[in-house]
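Participant: Structure file start13.cif, mmCIF, C-alpha atoms, is pasted below:
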data_query
loop_
_atom_site.group_PDB
_atom_site.id
_atom_site.type_symbol
_atom_site.label_atom_id
_atom_site.label_comp_id
_atom_site.auth_asym_id
_atom_site.auth_seq_id
_atom_site.Cartn_x
_atom_site.Cartn_y
_atom_site.Cartn_z
ATOM 1 C CA MET A 1 24.737 -36.280 -5.214
ATOM 2 C CA ARG A 2 22.104 -36.044 -2.513
ATOM 3 C CA THR A 3 24.052 -33.228 -0.826
ATOM 4 C CA LEU A 4 24.159 -31.358 -4.139
ATOM 5 C CA ARG A 5 20.360 -31.650 -4.543
ATOM 6 C CA ILE A 6 19.766 -30.453 -0.995
ATOM 7 C CA ALA A 7 22.101 -27.483 -1.526
ATOM 8 C CA ALA A 8 20.329 -26.603 -4.794
ATOM 9 C CA CYS A 9 16.913 -26.754 -3.077
ATOM 10 C CA ILE A 10 18.143 -24.523 -0.254
ATOM 11 C CA LEU A 11 19.585 -22.049 -2.754
ATOM 12 C CA LEU A 12 16.326 -21.904 -4.751
ATOM 13 C CA PHE A 13 14.234 -21.523 -1.591
ATOM 14 C CA THR A 14 16.507 -18.781 -0.239
ATOM 15 C CA SER A 15 16.401 -16.925 -3.570
ATOM 16 C CA ALA A 16 12.606 -17.094 -3.656
ATOM 17 C CA VAL A 17 12.286 -15.844 -0.084
ATOM 18 C CA PHE A 18 14.632 -12.890 -0.570
ATOM 19 C CA ALA A 19 13.662 -11.926 -4.116
ATOM 20 C CA GLN A 20 11.678 -8.717 -4.243
ATOM 21 C CA SER A 21 8.430 -8.634 -6.155
ATOM 22 C CA ASP A 22 8.115 -6.197 -9.053
ATOM 23 C CA ALA A 23 5.609 -4.285 -6.911
ATOM 24 C CA GLN A 24 8.158 -3.944 -4.099
ATOM 25 C CA LYS A 25 10.863 -2.803 -6.527
ATOM 26 C CA SER A 26 8.469 -0.186 -7.959
ATOM 27 C CA PHE A 27 7.515 1.025 -4.477
ATOM 28 C CA ASP A 28 11.182 1.301 -3.502
ATOM 29 C CA GLN A 29 11.829 3.311 -6.674
ATOM 30 C CA LEU A 30 8.872 5.614 -5.964
ATOM 31 C CA LYS A 31 9.971 6.181 -2.350
ATOM 32 C CA SER A 32 13.022 7.972 -3.744
ATOM 33 C CA LEU A 33 10.651 10.756 -4.836
ATOM 34 C CA ALA A 34 10.150 11.870 -1.211
ATOM 35 C CA GLY A 35 10.647 15.629 -1.101
ATOM 36 C CA SER A 36 9.527 18.725 -2.985
ATOM 37 C CA TRP A 37 9.437 19.050 -6.756
ATOM 38 C CA GLU A 38 8.719 21.937 -9.132
ATOM 39 C CA GLY A 39 8.313 22.301 -12.860
ATOM 40 C CA LYS A 40 5.924 23.049 -15.656
ATOM 41 C CA SER A 41 2.870 21.341 -17.034
ATOM 42 C CA SER A 42 2.528 20.517 -20.721
ATOM 43 C CA GLU A 43 0.612 23.818 -21.014
ATOM 44 C CA GLY A 44 3.559 25.767 -19.559
ATOM 45 C CA GLU A 45 1.863 26.354 -16.186
ATOM 46 C CA PRO A 46 3.963 26.115 -13.035
ATOM 47 C CA VAL A 47 3.282 23.043 -10.914
ATOM 48 C CA GLU A 48 4.540 21.867 -7.546
ATOM 49 C CA VAL A 49 4.433 18.282 -6.333
ATOM 50 C CA SER A 50 5.461 16.970 -2.956
ATOM 51 C CA TYR A 51 5.954 13.361 -1.915
ATOM 52 C CA ARG A 52 6.222 12.017 1.600
ATOM 53 C CA MET A 53 6.156 8.680 3.306
ATOM 54 C CA THR A 54 3.308 8.180 5.771
ATOM 55 C CA ALA A 55 1.477 5.463 7.729
ATOM 56 C CA GLY A 56 4.631 4.006 9.215
ATOM 57 C CA GLY A 57 6.314 3.775 5.812
ATOM 58 C CA SER A 58 3.492 1.743 4.266
ATOM 59 C CA ALA A 59 2.195 4.523 1.994
ATOM 60 C CA LEU A 60 3.624 7.258 -0.200
ATOM 61 C CA MET A 61 1.531 10.424 -0.460
ATOM 62 C CA SER A 62 1.747 12.749 -3.450
ATOM 63 C CA GLU A 63 0.233 16.222 -3.381
ATOM 64 C CA ILE A 64 -0.108 18.260 -6.572
ATOM 65 C CA ALA A 65 -0.491 22.040 -6.243
ATOM 66 C CA GLY A 66 -0.674 24.802 -8.806
ATOM 67 C CA HIS A 67 -3.332 23.289 -11.013
ATOM 68 C CA GLY A 68 -6.192 25.359 -9.668
ATOM 69 C CA GLU A 69 -7.124 22.544 -7.278
ATOM 70 C CA ASP A 70 -4.902 20.568 -4.966
ATOM 71 C CA MET A 71 -5.059 16.807 -5.457
ATOM 72 C CA ILE A 72 -3.685 13.991 -3.333
ATOM 73 C CA SER A 73 -2.710 10.473 -4.347
ATOM 74 C CA MET A 74 -1.757 7.604 -2.071
ATOM 75 C CA ILE A 75 0.451 4.737 -3.232
ATOM 76 C CA ASN A 76 0.350 1.558 -1.152
ATOM 77 C CA PHE A 77 0.287 -2.236 -1.313
ATOM 78 C CA ASP A 78 -2.811 -4.372 -1.654
ATOM 79 C CA GLY A 79 -1.183 -7.693 -0.839
ATOM 80 C CA PRO A 80 2.486 -8.482 -1.440
ATOM 81 C CA ASN A 81 2.424 -8.282 -5.246
ATOM 82 C CA ARG A 82 -0.053 -5.514 -6.034
ATOM 83 C CA LEU A 83 0.856 -1.836 -5.803
ATOM 84 C CA LEU A 84 -2.043 0.631 -6.056
ATOM 85 C CA LEU A 85 -2.383 4.367 -6.527
ATOM 86 C CA THR A 86 -5.607 5.934 -5.227
ATOM 87 C CA HIS A 87 -6.146 9.416 -6.641
ATOM 88 C CA TYR A 88 -8.328 11.820 -4.644
ATOM 89 C CA CYS A 89 -9.408 13.941 -7.584
ATOM 90 C CA ALA A 90 -10.728 17.481 -7.698
ATOM 91 C CA VAL A 91 -13.787 16.178 -9.592
ATOM 92 C CA GLY A 92 -14.781 14.296 -6.435
ATOM 93 C CA ASN A 93 -14.076 10.655 -7.261
ATOM 94 C CA GLN A 94 -11.288 8.340 -6.194
ATOM 95 C CA PRO A 95 -9.970 6.084 -8.964
ATOM 96 C CA ARG A 96 -7.671 3.224 -8.032
ATOM 97 C CA MET A 97 -4.944 2.216 -10.458
ATOM 98 C CA GLN A 98 -2.596 -0.770 -10.383
ATOM 99 C CA ALA A 99 1.136 -0.448 -11.056
ATOM 100 C CA SER A 100 3.227 -2.195 -13.650
ATOM 101 C CA ALA A 101 6.868 -1.439 -14.328
ATOM 102 C CA SER A 102 8.854 -1.188 -17.528
ATOM 103 C CA PRO A 103 11.550 -3.872 -17.978
ATOM 104 C CA ASP A 104 14.252 -1.446 -16.772
ATOM 105 C CA GLY A 105 12.106 -0.401 -13.762
ATOM 106 C CA LYS A 106 12.464 3.304 -14.529
ATOM 107 C CA THR A 107 8.897 3.842 -15.744
ATOM 108 C CA ILE A 108 5.937 2.878 -13.606
ATOM 109 C CA THR A 109 2.469 2.893 -15.159
ATOM 110 C CA PHE A 110 -0.698 2.832 -13.080
ATOM 111 C CA ASN A 111 -3.815 1.612 -14.955
ATOM 112 C CA PHE A 112 -7.440 2.048 -13.882
ATOM 113 C CA VAL A 113 -8.925 -0.777 -11.787
ATOM 114 C CA ASP A 114 -12.022 0.778 -10.212
ATOM 115 C CA ALA A 115 -13.176 3.896 -8.371
ATOM 116 C CA THR A 116 -15.327 5.100 -5.549
ATOM 117 C CA ASN A 117 -17.891 7.839 -6.088
ATOM 118 C CA LEU A 118 -17.772 7.320 -9.867
ATOM 119 C CA ASP A 119 -21.104 7.655 -11.662
ATOM 120 C CA GLY A 120 -20.365 5.065 -14.358
ATOM 121 C CA GLN A 121 -17.136 4.468 -16.247
ATOM 122 C CA GLN A 122 -18.025 7.148 -18.821
ATOM 123 C CA SER A 123 -17.983 9.851 -16.129
ATOM 124 C CA GLY A 124 -14.821 11.912 -15.848
ATOM 125 C CA HIS A 125 -12.019 10.166 -13.980
ATOM 126 C CA MET A 126 -8.277 9.666 -13.950
ATOM 127 C CA ASP A 127 -7.631 6.615 -16.131
ATOM 128 C CA HIS A 128 -3.889 6.095 -15.915
ATOM 129 C CA VAL A 129 -0.728 7.690 -14.614
ATOM 130 C CA VAL A 130 2.838 7.208 -15.846
ATOM 131 C CA ILE A 131 5.864 8.163 -13.753
ATOM 132 C CA ALA A 132 9.191 8.136 -15.594
ATOM 133 C CA MET A 133 12.284 8.333 -13.399
ATOM 134 C CA LEU A 134 14.927 10.199 -15.388
ATOM 135 C CA GLY A 135 17.409 10.611 -12.538
ATOM 136 C CA PRO A 136 17.540 11.261 -8.801
ATOM 137 C CA ASP A 137 16.493 14.888 -9.289
ATOM 138 C CA HIS A 138 14.308 14.698 -12.419
ATOM 139 C CA HIS A 139 11.127 12.833 -13.267
ATOM 140 C CA ILE A 140 8.090 13.199 -15.523
ATOM 141 C CA GLU A 141 4.496 12.507 -14.551
ATOM 142 C CA GLU A 142 1.821 11.924 -17.186
ATOM 143 C CA TRP A 143 -1.769 12.129 -15.926
ATOM 144 C CA ASN A 144 -4.531 10.859 -18.237
ATOM 145 C CA PHE A 145 -8.131 11.879 -17.530
ATOM 146 C CA VAL A 146 -11.041 10.348 -19.475
ATOM 147 C CA ASP A 147 -14.493 11.929 -19.752
ATOM 148 C CA HIS A 148 -17.140 10.297 -21.981
ATOM 149 C CA GLY A 149 -14.482 8.828 -24.240
ATOM 150 C CA LYS A 150 -12.457 12.041 -24.522
ATOM 151 C CA GLN A 151 -8.927 11.834 -23.142
ATOM 152 C CA ILE A 152 -7.148 14.792 -21.581
ATOM 153 C CA LYS A 153 -3.431 14.350 -20.900
ATOM 154 C CA ARG A 154 -1.320 16.549 -18.625
ATOM 155 C CA VAL A 155 2.423 16.087 -18.387
ATOM 156 C CA PHE A 156 4.510 17.509 -15.544
ATOM 157 C CA ASP A 157 8.270 17.813 -16.070
ATOM 158 C CA LEU A 158 9.639 18.057 -12.534
ATOM 159 C CA THR A 159 12.971 18.717 -10.854
ATOM 160 C CA ARG A 160 13.778 18.419 -7.184
ATOM 161 C CA LYS A 161 13.709 21.695 -5.206
#
Starting from the file, give its structure as structure tokens.
Facilitator:
Amino acid sequence: MRTLRIAACILLFTSAVFAQSDAQKSFDQLKSLAGSWEGKSSEGEPVEVSYRMTAGGSALMSEIAGHGEDMISMINFDGPNRLLLTHYCAVGNQPRMQASASPDGKTITFNFVDATNLDGQQSGHMDHVVIAMLGPDHHIEEWNFVDHGKQIKRVFDLTRK
């Protein structure tokens, strides 16, 4: 009986050590976006997005072009269980948003946490971002900007180049 208890404890400990956090699973999913993407915005405008790993594999950089202004976002860990997206916006602020994943792991939502260079929470800023993985060569990005209570949503339907 004692041997059985010891084996069960070892199994539980090993499972806990090797189990990936939801944040790690989301980051692994997002890393598959590395490469060049093209598509249309919800307004029918062409948009190009590129993703690449940087900083020794600890960050994923997204660059959006074709929207009048280029914008960069960095996705990285803040501790082992918290995945953040920092958006370097064309309006000059840098909102940080924390990731949460849908139960199937195919949709990752980043919600506003805080921002640098933001003149009060009513000032215009990116509030949340949703990335829906539809397949290895197709995904949708929904970008939600809030300015004095008014929400502006842009959706990019993207396919791999």
Participant: Go through stretch 15-52 of chain A residue by residue and, counting all atoms listed in the file, keep those with an atom at most 12 Å from stretch 108-123 of chain A; for each kept residue give the shortest atom pair and its distance in Å to one decimal, ordered by chain and increasing number, as a Markdown table.
Facilitator:
| residue | atom | partner | partner_atom | distance |
| --- | --- | --- | --- | --- |
| A:Asp22 | CA | A:Ile108 | CA | 10.4 |
| A:Ala23 | CA | A:Ile108 | CA | 9.8 |
| A:Gln24 | CA | A:Ile108 | CA | 11.9 |
| A:Lys25 | CA | A:Ile108 | CA | 10.3 |
| A:Ser26 | CA | A:Ile108 | CA | 6.9 |
| A:Phe27 | CA | A:Ile108 | CA | 9.4 |
| A:Asp28 | CA | A:Ile108 | CA | 11.5 |
| A:Gln29 | CA | A:Ile108 | CA | 9.1 |
| A:Leu30 | CA | A:Ile108 | CA | 8.6 |
Participant: Between atom CA of A:Lys40 and atom CA of A:Met97, measure the distance and give it in Å to one decimal.
Facilitator: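 Atom CA of A:Met97 lies at a distance of 24.1 Å from atom CA of A:Lys40.
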Participant: Rounded to one decimal, what separation in Å do you get between atom CA of A:Gly105 and atom CA of A:Ser50?
Facilitator: 21.5 Å
Participant: At a cut-off of 8 Å from (7.2, 10.3, 3.0) in the coordinates of the file, what residues are picked up using all atoms listed in the file, written as a ChimeraX atom specification?
Facilitator: /A:31,34-35,51-54,57,59-61
Participant: Using the chain letters and numbers from this file, what does the PyMOL selection byres ((chain A and resi 70-77) around 6) select? Give the answer as a CSV table (one decimal) with C-alpha atoms, in the coordinates of the input.
Facilitator:
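Output file part03.csv is given in full below:
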chain,number,residue,atom,x,y,z
A,59,ALA,CA,2.2,4.5,2.0
A,60,LEU,CA,3.6,7.3,-0.2
A,61,MET,CA,1.5,10.4,-0.5
A,62,SER,CA,1.7,12.7,-3.4
A,63,GLU,CA,0.2,16.2,-3.4
A,64,ILE,CA,-0.1,18.3,-6.6
A,65,ALA,CA,-0.5,22.0,-6.2
A,69,GLU,CA,-7.1,22.5,-7.3
A,78,ASP,CA,-2.8,-4.4,-1.7
A,79,GLY,CA,-1.2,-7.7,-0.8
A,82,ARG,CA,-0.1,-5.5,-6.0
A,83,LEU,CA,0.9,-1.8,-5.8
A,84,LEU,CA,-2.0,0.6,-6.1
A,85,LEU,CA,-2.4,4.4,-6.5
A,86,THR,CA,-5.6,5.9,-5.2
A,87,HIS,CA,-6.1,9.4,-6.6
A,88,TYR,CA,-8.3,11.8,-4.6
A,89,CYS,CA,-9.4,13.9,-7.6
Participant: Using only C-alpha atoms, can you list as a list in words the residues within 6 Å of (9.8, 16.5, -15.3)?
Facilitator: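 Within the cut-off we find His138, His139, Ile140, Phe156, Asp157, Leu158 and Thr159 of chain A.
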